[in-house]
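> Input entry-v4.csv, format and content: CSV, C-alpha atoms.
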```csv
chain,number,residue,atom,x,y,z
T,998,MET,CA,-47.6,-43.1,13.2
T,999,ASN,CA,-47.1,-41.9,9.6
T,1000,ARG,CA,-48.4,-43.5,6.5
T,1001,GLU,CA,-45.0,-44.8,5.3
T,1002,LYS,CA,-44.5,-46.7,8.6
T,1003,LEU,CA,-47.9,-48.3,8.4
T,1004,LYS,CA,-47.2,-49.3,4.8
T,1005,GLU,CA,-44.0,-50.8,6.0
T,1006,ILE,CA,-45.7,-52.9,8.7
T,1007,ALA,CA,-48.3,-54.1,6.1
T,1008,ARG,CA,-45.6,-55.0,3.6
T,1009,GLN,CA,-43.6,-57.0,6.2
T,1010,ALA,CA,-46.7,-58.9,7.3
T,1011,ILE,CA,-47.6,-59.7,3.7
T,1012,GLU,CA,-44.0,-60.8,2.9
T,1013,ASP,CA,-44.0,-63.2,5.8
T,1014,MET,CA,-47.1,-65.0,4.4
T,1015,ALA,CA,-46.7,-67.9,2.1
T,1016,LEU,CA,-47.7,-66.9,-1.5
T,1017,GLU,CA,-50.6,-69.4,-1.6
T,1018,ALA,CA,-52.4,-67.7,1.3
T,1019,ARG,CA,-52.0,-64.1,0.2
T,1020,PHE,CA,-54.7,-62.0,-1.4
T,1021,ARG,CA,-54.0,-61.6,-5.1
T,1022,PRO,CA,-55.0,-58.9,-7.6
T,1023,GLU,CA,-57.2,-61.5,-9.4
T,1024,ASP,CA,-59.0,-62.1,-6.1
T,1025,HIS,CA,-60.1,-58.5,-6.2
T,1026,GLN,CA,-61.4,-59.0,-9.7
T,1027,VAL,CA,-63.6,-61.8,-8.3
T,1028,LEU,CA,-64.9,-59.4,-5.6
T,1029,LEU,CA,-65.6,-56.8,-8.3
T,1030,LYS,CA,-67.4,-59.3,-10.5
T,1031,HIS,CA,-69.8,-60.0,-7.6
T,1032,LYS,CA,-69.8,-56.5,-6.3
T,1033,ASP,CA,-73.5,-55.9,-6.2
T,1034,ARG,CA,-74.3,-59.1,-4.4
T,1035,LEU,CA,-71.5,-58.5,-1.9
T,1036,LEU,CA,-72.6,-55.0,-1.2
T,1037,ALA,CA,-76.2,-56.2,-0.8
T,1038,LEU,CA,-74.9,-58.2,2.2
T,1039,THR,CA,-73.7,-55.1,4.0
T,1040,ASP,CA,-76.7,-54.6,6.4
T,1041,GLU,CA,-76.8,-58.3,7.3
T,1042,LEU,CA,-73.0,-58.5,7.8
T,1043,VAL,CA,-72.9,-55.4,10.0
T,1044,LYS,CA,-75.8,-56.5,12.1
T,1045,ALA,CA,-74.4,-60.1,12.6
T,1046,PHE,CA,-71.0,-58.7,13.4
T,1047,TYR,CA,-72.1,-56.4,16.1
T,1048,ASP,CA,-74.9,-58.6,17.5
T,1049,THR,CA,-72.2,-61.2,18.1
T,1050,LEU,CA,-69.8,-58.7,19.7
T,1051,PHE,CA,-72.5,-57.3,22.0
T,1052,ALA,CA,-73.8,-60.7,23.0
T,1053,THR,CA,-70.4,-61.8,24.3
T,1054,PRO,CA,-69.3,-60.2,27.7
T,1055,SER,CA,-65.6,-60.1,26.8
T,1056,THR,CA,-66.2,-58.2,23.5
T,1057,ARG,CA,-69.1,-56.1,24.8
T,1058,LYS,CA,-66.7,-54.6,27.3
T,1059,VAL,CA,-64.7,-53.1,24.5
T,1060,PHE,CA,-67.5,-50.6,23.6
T,1061,HIS,CA,-68.5,-47.4,25.2
T,1062,GLU,CA,-72.1,-46.6,25.9
T,1063,GLY,CA,-73.9,-45.5,22.7
T,1064,GLU,CA,-70.9,-46.3,20.5
T,1065,ARG,CA,-72.5,-48.9,18.3
T,1066,PRO,CA,-73.8,-46.7,15.4
T,1067,ALA,CA,-70.3,-45.2,15.0
T,1068,ARG,CA,-68.7,-48.6,14.9
T,1069,GLU,CA,-71.3,-49.9,12.5
T,1070,LYS,CA,-70.5,-47.0,10.2
T,1071,THR,CA,-66.8,-48.0,10.3
T,1072,LEU,CA,-67.6,-51.6,9.3
T,1073,VAL,CA,-69.9,-50.4,6.5
T,1074,ASP,CA,-67.0,-48.2,5.3
T,1075,TRP,CA,-64.5,-51.1,5.5
T,1076,TRP,CA,-66.7,-53.5,3.6
T,1077,GLN,CA,-67.5,-51.0,0.9
T,1078,LYS,CA,-63.8,-50.0,0.4
T,1079,THR,CA,-62.8,-53.7,0.4
T,1080,VAL,CA,-65.3,-54.7,-2.3
T,1081,GLU,CA,-65.0,-51.5,-4.4
T,1082,GLY,CA,-61.2,-51.2,-4.0
T,1083,PRO,CA,-58.6,-50.3,-4.8
T,1084,VAL,CA,-57.0,-53.0,-2.5
T,1085,ASP,CA,-53.6,-51.4,-2.7
T,1086,GLU,CA,-50.8,-50.3,-0.4
T,1087,GLU,CA,-53.0,-47.7,1.2
T,1088,TYR,CA,-55.7,-50.3,1.9
T,1089,TRP,CA,-53.2,-52.6,3.6
T,1090,ALA,CA,-51.7,-49.7,5.6
T,1091,TRP,CA,-55.2,-49.0,6.8
T,1092,GLN,CA,-55.4,-52.6,8.1
T,1093,ALA,CA,-52.1,-52.2,9.9
T,1094,TYR,CA,-53.6,-49.1,11.6
T,1095,VAL,CA,-56.5,-51.2,12.7
T,1096,GLY,CA,-54.0,-53.4,14.6
T,1097,LEU,CA,-52.8,-50.3,16.4
T,1098,LEU,CA,-56.3,-49.2,17.2
T,1099,HIS,CA,-57.0,-52.7,18.6
T,1100,VAL,CA,-54.2,-52.3,21.1
T,1101,LYS,CA,-55.6,-48.9,22.1
T,1102,ARG,CA,-59.1,-50.4,22.5
T,1103,VAL,CA,-57.9,-53.6,24.0
T,1104,VAL,CA,-59.3,-55.8,21.2
T,1105,THR,CA,-57.1,-59.0,21.4
T,1106,ASN,CA,-56.1,-61.1,18.4
T,1107,PRO,CA,-58.5,-64.0,19.3
T,1108,MET,CA,-61.4,-61.5,19.3
T,1109,MET,CA,-60.3,-60.2,15.9
T,1110,LEU,CA,-59.7,-63.7,14.4
T,1111,GLY,CA,-63.1,-64.9,15.6
T,1112,GLN,CA,-64.7,-62.0,13.7
T,1113,ALA,CA,-62.6,-62.6,10.6
T,1114,PHE,CA,-64.0,-66.1,10.5
T,1115,MET,CA,-67.5,-64.8,11.0
T,1116,ILE,CA,-67.2,-62.4,8.0
T,1117,GLU,CA,-65.8,-65.1,5.7
T,1118,ASP,CA,-68.4,-67.6,6.8
T,1119,LEU,CA,-71.3,-65.2,6.3
T,1120,VAL,CA,-70.2,-64.2,2.8
T,1121,ARG,CA,-69.6,-67.8,1.8
T,1122,THR,CA,-72.9,-68.9,3.1
T,1123,HIS,CA,-74.7,-66.4,0.8
T,1124,LEU,CA,-72.4,-66.7,-2.2
T,1125,ASP,CA,-71.8,-70.3,-2.8
T,1126,ASP,CA,-69.1,-70.0,-5.4
T,1127,PRO,CA,-65.6,-71.6,-5.2
T,1128,GLU,CA,-64.0,-68.5,-6.7
T,1129,VAL,CA,-65.6,-66.2,-4.1
T,1130,ALA,CA,-64.6,-68.7,-1.4
T,1131,GLY,CA,-61.0,-68.6,-2.4
T,1132,ALA,CA,-60.9,-64.8,-2.7
T,1133,MET,CA,-62.6,-64.4,0.7
T,1134,ARG,CA,-60.2,-66.9,2.4
T,1135,ARG,CA,-57.2,-65.1,1.1
T,1136,LEU,CA,-58.7,-61.7,1.9
T,1137,MET,CA,-59.4,-62.5,5.5
T,1138,ALA,CA,-56.1,-64.4,6.0
T,1139,THR,CA,-54.2,-61.3,4.7
T,1140,VAL,CA,-56.3,-58.8,6.7
T,1141,ALA,CA,-55.9,-60.9,9.9
T,1142,ALA,CA,-52.2,-61.3,9.4
T,1143,ILE,CA,-51.7,-57.5,9.0
T,1144,ILE,CA,-53.9,-56.6,12.0
T,1145,ALA,CA,-52.1,-59.2,14.2
T,1146,TYR,CA,-48.8,-57.9,13.1
T,1147,GLY,CA,-49.8,-54.3,13.6
T,1148,TYR,CA,-51.0,-55.2,17.1
T,1149,GLU,CA,-47.6,-56.7,17.9
T,1150,LYS,CA,-45.7,-53.8,16.5
T,1151,ALA,CA,-47.8,-51.3,18.5
T,1152,GLN,CA,-46.8,-53.2,21.7
T,1153,LEU,CA,-43.1,-53.3,20.7
T,1154,LEU,CA,-43.3,-49.6,20.0
T,1155,ALA,CA,-44.7,-48.9,23.4
T,1156,VAL,CA,-41.7,-50.8,25.0
T,1157,GLU,CA,-39.3,-49.0,22.8
T,1158,GLU,CA,-40.7,-45.6,23.8
T,1159,SER,CA,-40.6,-46.6,27.5
T,1160,THR,CA,-37.2,-48.1,27.7
T,1161,GLY,CA,-35.3,-46.4,24.9
T,1162,MET,CA,-34.3,-49.9,23.8
T,1163,GLY,CA,-34.1,-50.6,20.0
T,1164,GLN,CA,-36.7,-52.9,18.5
T,1165,GLU,CA,-34.0,-55.5,17.5
T,1166,LEU,CA,-32.6,-55.6,21.0
T,1167,ILE,CA,-36.2,-55.9,22.4
T,1168,ARG,CA,-36.9,-58.8,20.1
T,1169,THR,CA,-33.7,-60.6,21.0
T,1170,ASN,CA,-34.3,-60.2,24.7
T,1171,THR,CA,-38.0,-61.2,24.3
T,1172,ARG,CA,-36.9,-64.4,22.6
T,1173,LEU,CA,-34.5,-65.1,25.4
T,1174,GLY,CA,-37.1,-64.3,28.0
T,1175,VAL,CA,-39.6,-66.7,26.3
T,1176,GLU,CA,-36.9,-69.4,26.2
T,1177,ARG,CA,-36.6,-69.1,29.9
T,1178,LEU,CA,-40.4,-69.4,30.2
T,1179,LEU,CA,-40.3,-72.5,28.1
T,1180,GLU,CA,-37.9,-74.1,30.5
T,1181,GLU,CA,-40.2,-73.5,33.5
K,534,MET,CA,-53.5,-74.1,36.8
K,535,SER,CA,-50.6,-74.1,34.3
K,536,LYS,CA,-49.9,-70.9,32.4
K,537,THR,CA,-50.6,-72.5,29.1
K,538,LEU,CA,-54.0,-73.6,30.2
K,539,GLU,CA,-54.7,-70.2,31.6
K,540,ILE,CA,-53.8,-68.6,28.3
K,541,ALA,CA,-55.8,-71.1,26.3
K,542,ARG,CA,-58.9,-70.4,28.4
K,543,GLU,CA,-58.4,-66.7,28.1
K,544,ALA,CA,-58.2,-66.9,24.3
K,545,LEU,CA,-61.3,-69.1,24.0
K,546,GLN,CA,-63.3,-67.0,26.4
K,547,GLN,CA,-62.4,-63.8,24.5
K,548,MET,CA,-63.9,-65.3,21.2
K,549,PRO,CA,-67.6,-65.0,20.7
K,550,PRO,CA,-69.1,-68.5,21.1
K,551,GLN,CA,-70.4,-68.4,17.5
K,552,THR,CA,-66.8,-68.3,16.3
K,553,ARG,CA,-65.4,-71.0,18.6
K,554,LEU,CA,-65.0,-74.7,17.9
K,555,ARG,CA,-68.3,-76.4,18.9
K,556,PRO,CA,-69.0,-80.0,19.9
K,557,GLU,CA,-70.6,-80.6,16.5
K,558,ASP,CA,-67.4,-79.6,14.8
K,559,GLU,CA,-65.4,-82.0,16.9
K,560,ALA,CA,-68.0,-84.7,16.0
K,561,VAL,CA,-67.8,-84.1,12.2
K,562,ILE,CA,-64.0,-84.4,12.5
K,563,ALA,CA,-64.3,-87.6,14.5
K,564,ARG,CA,-66.7,-89.1,11.8
K,565,HIS,CA,-64.1,-88.6,9.2
K,566,LYS,CA,-61.1,-89.8,11.2
K,567,GLU,CA,-59.9,-92.5,9.0
K,568,LEU,CA,-60.1,-90.4,5.8
K,569,LEU,CA,-58.4,-87.4,7.5
K,570,LEU,CA,-55.6,-89.6,8.7
K,571,SER,CA,-55.1,-91.0,5.2
K,572,TRP,CA,-54.4,-87.5,4.0
K,573,THR,CA,-51.4,-87.1,6.5
K,574,PRO,CA,-48.5,-87.6,4.0
K,575,GLU,CA,-50.0,-85.2,1.5
K,576,LEU,CA,-50.7,-82.5,4.1
K,577,VAL,CA,-47.3,-82.8,5.6
K,578,ARG,CA,-45.5,-82.6,2.3
K,579,GLY,CA,-47.6,-79.7,1.0
K,580,PHE,CA,-47.2,-77.8,4.3
K,581,TYR,CA,-43.4,-78.0,4.4
K,582,ASP,CA,-42.9,-77.6,0.6
K,583,THR,CA,-44.8,-74.3,1.0
K,584,LEU,CA,-42.7,-73.2,3.9
K,585,PHE,CA,-39.4,-74.2,2.3
K,586,ALA,CA,-40.4,-72.5,-1.0
K,587,HIS,CA,-40.8,-69.1,0.7
K,588,THR,CA,-37.6,-67.3,1.8
K,589,PRO,CA,-38.9,-65.7,5.1
K,590,THR,CA,-40.3,-69.0,6.3
K,591,ARG,CA,-37.4,-71.2,5.0
K,592,LYS,CA,-35.0,-69.0,7.1
K,593,ILE,CA,-36.8,-70.2,10.3
K,594,PHE,CA,-35.4,-73.8,9.8
K,595,HIS,CA,-31.9,-75.1,10.7
K,596,GLU,CA,-30.1,-77.3,8.1
K,597,GLY,CA,-31.5,-80.8,8.2
K,598,GLU,CA,-34.4,-80.0,10.5
K,599,ARG,CA,-37.2,-80.8,8.1
K,600,PRO,CA,-37.8,-84.5,9.1
K,601,ALA,CA,-38.1,-83.5,12.8
K,602,ARG,CA,-40.6,-80.7,12.0
K,603,GLU,CA,-42.6,-83.0,9.7
K,604,GLU,CA,-42.9,-85.4,12.7
K,605,THR,CA,-44.2,-82.6,14.8
K,606,LEU,CA,-46.9,-81.7,12.3
K,607,ARG,CA,-47.8,-85.4,11.8
K,608,ASP,CA,-48.3,-85.6,15.6
K,609,TRP,CA,-50.4,-82.4,15.6
K,610,TRP,CA,-52.6,-83.7,12.8
K,611,GLN,CA,-53.1,-87.1,14.5
K,612,LYS,CA,-54.0,-85.5,17.9
K,613,THR,CA,-56.3,-83.0,16.2
K,614,VAL,CA,-58.1,-85.7,14.2
K,615,GLU,CA,-58.3,-88.2,17.0
K,616,GLY,CA,-59.2,-85.7,19.7
K,617,PRO,CA,-60.2,-85.0,22.3
K,618,LEU,CA,-60.1,-81.2,21.4
K,619,ASP,CA,-60.3,-80.4,25.1
K,620,GLU,CA,-58.5,-77.9,27.4
K,621,ALA,CA,-55.3,-79.9,27.3
K,622,TYR,CA,-55.3,-79.7,23.5
K,623,PHE,CA,-55.8,-76.0,23.6
K,624,ALA,CA,-53.1,-75.6,26.3
K,625,TRP,CA,-50.8,-77.4,24.0
K,626,MET,CA,-51.7,-74.9,21.2
K,627,ALA,CA,-50.9,-72.0,23.6
K,628,LYS,CA,-47.5,-73.6,24.1
K,629,VAL,CA,-47.0,-73.7,20.3
K,630,GLY,CA,-47.5,-69.9,20.4
K,631,LEU,CA,-44.6,-69.8,22.9
K,632,VAL,CA,-42.4,-72.0,20.7
K,633,HIS,CA,-43.2,-69.7,17.8
K,634,VAL,CA,-41.8,-66.7,19.6
K,635,VAL,CA,-38.6,-68.6,20.4
K,636,ARG,CA,-38.2,-69.7,16.8
K,637,GLY,CA,-39.0,-66.3,15.3
K,638,VAL,CA,-42.2,-67.5,13.6
K,639,GLU,CA,-44.2,-64.4,13.0
K,640,ASN,CA,-48.0,-64.4,13.4
K,641,PRO,CA,-48.5,-63.7,9.6
K,642,MET,CA,-46.5,-66.8,8.8
K,643,MET,CA,-48.6,-68.9,11.1
K,644,LEU,CA,-51.9,-67.4,10.0
K,645,ALA,CA,-51.0,-68.1,6.3
K,646,MET,CA,-50.4,-71.7,7.2
K,647,ALA,CA,-53.6,-71.9,9.1
K,648,SER,CA,-55.3,-70.8,5.9
K,649,PHE,CA,-53.3,-73.4,4.0
K,650,VAL,CA,-54.6,-76.2,6.3
K,651,THR,CA,-58.2,-75.0,5.9
K,652,GLU,CA,-57.9,-74.8,2.1
K,653,PHE,CA,-56.3,-78.3,2.1
K,654,VAL,CA,-59.2,-79.8,4.0
K,655,GLU,CA,-61.8,-78.0,1.9
K,656,ARG,CA,-60.2,-79.1,-1.4
K,657,LYS,CA,-59.7,-82.7,-0.4
K,658,SER,CA,-63.2,-83.0,1.0
K,659,LEU,CA,-64.7,-81.7,-2.2
K,660,GLU,CA,-62.5,-83.9,-4.3
K,661,ALA,CA,-63.6,-86.9,-2.2
K,662,GLY,CA,-67.2,-85.8,-2.8
K,663,LEU,CA,-68.0,-86.0,0.9
K,664,PRO,CA,-71.6,-85.2,1.7
K,665,GLU,CA,-70.3,-83.3,4.8
K,666,ALA,CA,-67.5,-81.5,3.0
K,667,GLU,CA,-68.8,-78.1,4.0
K,668,ALA,CA,-69.3,-78.9,7.7
K,669,LEU,CA,-65.8,-80.6,7.8
K,670,SER,CA,-64.1,-77.6,6.2
K,671,LYS,CA,-65.9,-75.2,8.6
K,672,ALA,CA,-64.9,-77.3,11.6
K,673,PHE,CA,-61.2,-76.9,10.7
K,674,HIS,CA,-61.8,-73.2,10.1
K,675,ARG,CA,-63.4,-72.8,13.5
K,676,LEU,CA,-60.5,-74.8,15.1
K,677,GLY,CA,-58.5,-71.9,13.8
K,678,MET,CA,-55.3,-70.7,15.3
K,679,ALA,CA,-56.6,-68.1,17.7
K,680,VAL,CA,-55.1,-69.9,20.7
K,681,ILE,CA,-51.6,-70.0,19.1
K,682,THR,CA,-51.8,-66.3,18.3
K,683,HIS,CA,-52.9,-65.5,21.8
K,684,GLY,CA,-50.1,-67.7,23.2
K,685,TYR,CA,-47.7,-65.8,21.1
K,686,ASP,CA,-49.0,-62.4,22.2
K,687,ARG,CA,-49.2,-63.3,25.9
K,688,TYR,CA,-45.8,-64.9,26.1
K,689,GLN,CA,-44.3,-62.0,24.3
K,690,ALA,CA,-45.9,-59.7,26.8
K,691,LEU,CA,-44.6,-61.8,29.7
K,692,ALA,CA,-41.1,-61.8,28.2
K,693,LEU,CA,-41.2,-58.1,27.7
K,694,TYR,CA,-42.0,-57.8,31.3
K,695,ASN,CA,-38.7,-59.6,32.0
K,696,VAL,CA,-36.9,-57.4,29.5
K,697,ALA,CA,-38.3,-54.0,30.4
K,698,GLY,CA,-39.5,-54.6,33.9
K,699,MET,CA,-42.9,-53.7,32.7
K,700,GLU,CA,-45.9,-55.6,34.1
K,701,PRO,CA,-48.0,-57.1,31.2
K,702,ALA,CA,-50.9,-55.0,32.5
K,703,LEU,CA,-48.8,-51.9,32.3
K,704,LEU,CA,-47.7,-52.8,28.8
K,705,GLU,CA,-51.3,-53.1,27.8
K,706,ARG,CA,-51.9,-49.6,29.2
K,707,ARG,CA,-48.8,-48.2,27.6
K,708,GLY,CA,-49.6,-49.8,24.2
K,709,PRO,CA,-52.8,-47.8,24.0
K,710,GLN,CA,-51.0,-44.6,24.8
K,711,ALA,CA,-48.3,-45.2,22.2
K,712,ALA,CA,-50.9,-46.1,19.6
K,713,GLY,CA,-53.1,-43.1,20.6
K,714,ARG,CA,-50.3,-40.6,20.4
K,715,ASN,CA,-49.8,-41.5,16.8
K,716,HIS,CA,-53.3,-40.8,16.0
K,717,GLU,CA,-52.5,-38.1,13.5
K,718,GLY,CA,-51.3,-38.5,10.0
K,719,VAL,CA,-53.0,-41.9,9.7
K,720,VAL,CA,-54.5,-43.5,6.7
```
Go ahead and render the structure in this file as structure tokens.


Amino acid sequence: MNREKLKEIARQAIEDMALEARFRPEDHQVLLKHKDRLLALTDELVKAFYDTLFATPSTRKVFHEGERPAREKTLVDWWQKTVEGPVDEEYWAWQAYVGLLHVKRVVTNPMMLGQAFMIEDLVRTHLDDPEVAGAMRRLMATVAAIIAYGYEKAQLLAVEESTGMGQELIRTNTRLGVERLLEE
Amino acid sequence: MSKTLEIAREALQQMPPQTRLRPEDEAVIARHKELLLSWTPELVRGFYDTLFAHTPTRKIFHEGERPAREETLRDWWQKTVEGPLDEAYFAWMAKVGLVHVVRGVENPMMLAMASFVTEFVERKSLEAGLPEAEALSKAFHRLGMAVITHGYDRYQALALYNVAGMEPALLERRGPQAAGRNHEGVV
């Protein structure tokens, strides 16, 4: 999937979000203001994140043998880029790509949402500051929304490729199918 | 077992226990029951004012539908605050995911409003000077909306099965292939 398509997925997800819940440029200024303290949390954040995933059978299954160091590196990279920025279209497109990767690795949205909570909670526990709390809440809500949306788009794409049916038609038929399930 | 219950169990089981709603979260909500219920009108007004002020979310509603939707949210808030937050409650949330597919509510819309509710509880708890403000806010954060999202995803997969004749399990295998094929040229 090309960069433009990923940017489009991210844009759509952000546009669907109520303004109050979206990450704002001033939120990133807050992260930059606390950059050193936020980056100092990296090791603890990465350890807690993967300890949690490896301690739960459903999430441990996602990983291959010996994969943990590589995945830890990815999270270090994500945290560093998130704090240092720029949090721009490219950054959000990257989050949409994470949604696609999650389909590939069978990481479901509840798993992702649980970990989004964990990151926000850990940061807020260490930096007890209302400004940081607001910025982190909007950051994780936006990241989670884009990943969840990217996940859904990847599934729709798979059906489109298999059936040759256009996305709009798939969506209409899906809605009708769910209406039938609702009646059951 | 009903399908909604199965989906709710599946969603909760997939979340690491540290991130799920815990008995102590339910207890802190119960301890603040009266106060939380007294916030109902403000929450409901703020929630729908926000949705109606935003074009993509306003489009979801039919003309004159707001009072009925407000009633639904009031009902959800009351059941959430009064509990029990048991399997039946989460099965209901899985069904909300299904209703969201039918109404064209996208996951980003729902996740933004989940964040709205968490922020509301946090702000009101701090304004009220509650000694347990933090625990109460975190309880609502943990309550989260993972079950709704999972309901949405799973029902969509089931419906796609009806549309495309693809088993949900096959869809899950196809999805990875489609995503994997597009590995190049990524960000």

> Within 12 Å of Arg1057 (chain T), counting all atoms listed in the file, which residues qualify if same-chain residues fewer than 2 places away don't, as a list in words?

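Answer for this query is Phe1046, Tyr1047, Asp1048, Thr1049, Leu1050, Phe1051, Ala1052, Thr1053, Pro1054, Ser1055, Val1059, Phe1060, His1061, Glu1062, Gly1063, Glu1064, Arg1065, Arg1102, Val1103, Val1104 and Met1108 of chain T; Gln547, Met548 and Pro549 of chain K.
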
> Fewer than 4 positions away in the same chain doesn't count, so skip those; otherwise give me all residues within 8 Å of Ala1145 (chain T), counting all atoms listed in the file, as a PDB file with C-alpha atoms, in the frame of the given file.


```pdb
ATOM      1  CA  GLY T1096     -54.000 -53.400  14.600  1.00  0.00           C
ATOM      2  CA  ASN T1106     -56.100 -61.100  18.400  1.00  0.00           C
ATOM      3  CA  ALA T1141     -55.900 -60.900   9.900  1.00  0.00           C
ATOM      4  CA  GLU T1149     -47.600 -56.700  17.900  1.00  0.00           C
TER       5      GLU T1149
ATOM      6  CA  ASN K 640     -48.000 -64.400  13.400  1.00  0.00           C
ATOM      7  CA  PRO K 641     -48.500 -63.700   9.600  1.00  0.00           C
TER       8      PRO K 641
END
```

> For each of K:Glu575, K:Glu559, K:Glu639, K:Asp582, take the minimum atom-to-atom distance to chain T, counting all atoms listed in the file, then give the residue where this is smallest.

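Ranking K:Glu575, K:Glu559, K:Glu639, K:Asp582 by distance to chain T, first place goes to K:Glu639.
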
> Nearest to chain K: which of T:Thr1079, T:Thr1039, T:Thr1122, T:Gln1026 is it, counting only C-alpha atoms?

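The answer is T:Thr1122, which sits nearest to chain K.
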
> For a quick check of understanding, using all atoms listed in the file, which of K:Leu570, K:Ala661, K:Val632, K:Ile540 has the smallest distance to chain T?

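The closest residue to chain T is K:Val632.
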
> Give me the residues near Gly1111 (chain T) as a VMD selection string, where near means some atom within 12 Å (using only C-alpha atoms) and where sequence neighbours in that chain fewer than 5 positions away do not count.

(chain T and resid 1046 1049 to 1050 1053 1056 1104 to 1106 1116 to 1118 1137 to 1138 1141) or (chain K and resid 544 to 554 674 to 680 682 to 683)

> How far is it from CA of Glu1176 (chain T) to CA of Lys536 (chain K), in Å with one decimal?

14.5 Å

> Restricted to C-alpha atoms, what does region 1031-1058 of chain T look like when written out as a compact mmCIF listing (two decimals), in the first residue's frame?


```
# COMPACT_ATOMS: atom_id res chain seq x y z
CA HIS T 1031 8.55 17.43 28.86
CA LYS T 1032 10.69 15.65 26.29
CA ASP T 1033 13.55 14.65 28.57
CA ARG T 1034 11.31 13.20 31.26
CA LEU T 1035 9.18 11.40 28.67
CA LEU T 1036 12.20 9.89 26.94
CA ALA T 1037 13.65 8.88 30.29
CA LEU T 1038 10.59 6.60 30.64
CA THR T 1039 11.49 4.62 27.51
CA ASP T 1040 13.10 1.59 29.18
CA GLU T 1041 10.36 1.22 31.76
CA LEU T 1042 7.62 1.70 29.20
CA VAL T 1043 9.07 -0.88 26.82
CA LYS T 1044 9.65 -3.41 29.58
CA ALA T 1045 6.13 -3.02 31.04
CA PHE T 1046 4.58 -3.17 27.58
CA TYR T 1047 6.20 -6.46 26.55
CA ASP T 1048 6.16 -8.05 30.01
CA THR T 1049 2.38 -7.58 29.90
CA LEU T 1050 2.05 -9.00 26.40
CA PHE T 1051 4.27 -12.00 27.14
CA ALA T 1052 2.45 -12.75 30.40
CA THR T 1053 -0.92 -13.10 28.66
CA PRO T 1054 -1.48 -16.29 26.59
CA SER T 1055 -3.63 -14.58 23.94
CA THR T 1056 -1.04 -11.89 23.25
CA ARG T 1057 2.05 -14.08 23.75
CA LYS T 1058 0.83 -16.21 20.82
```
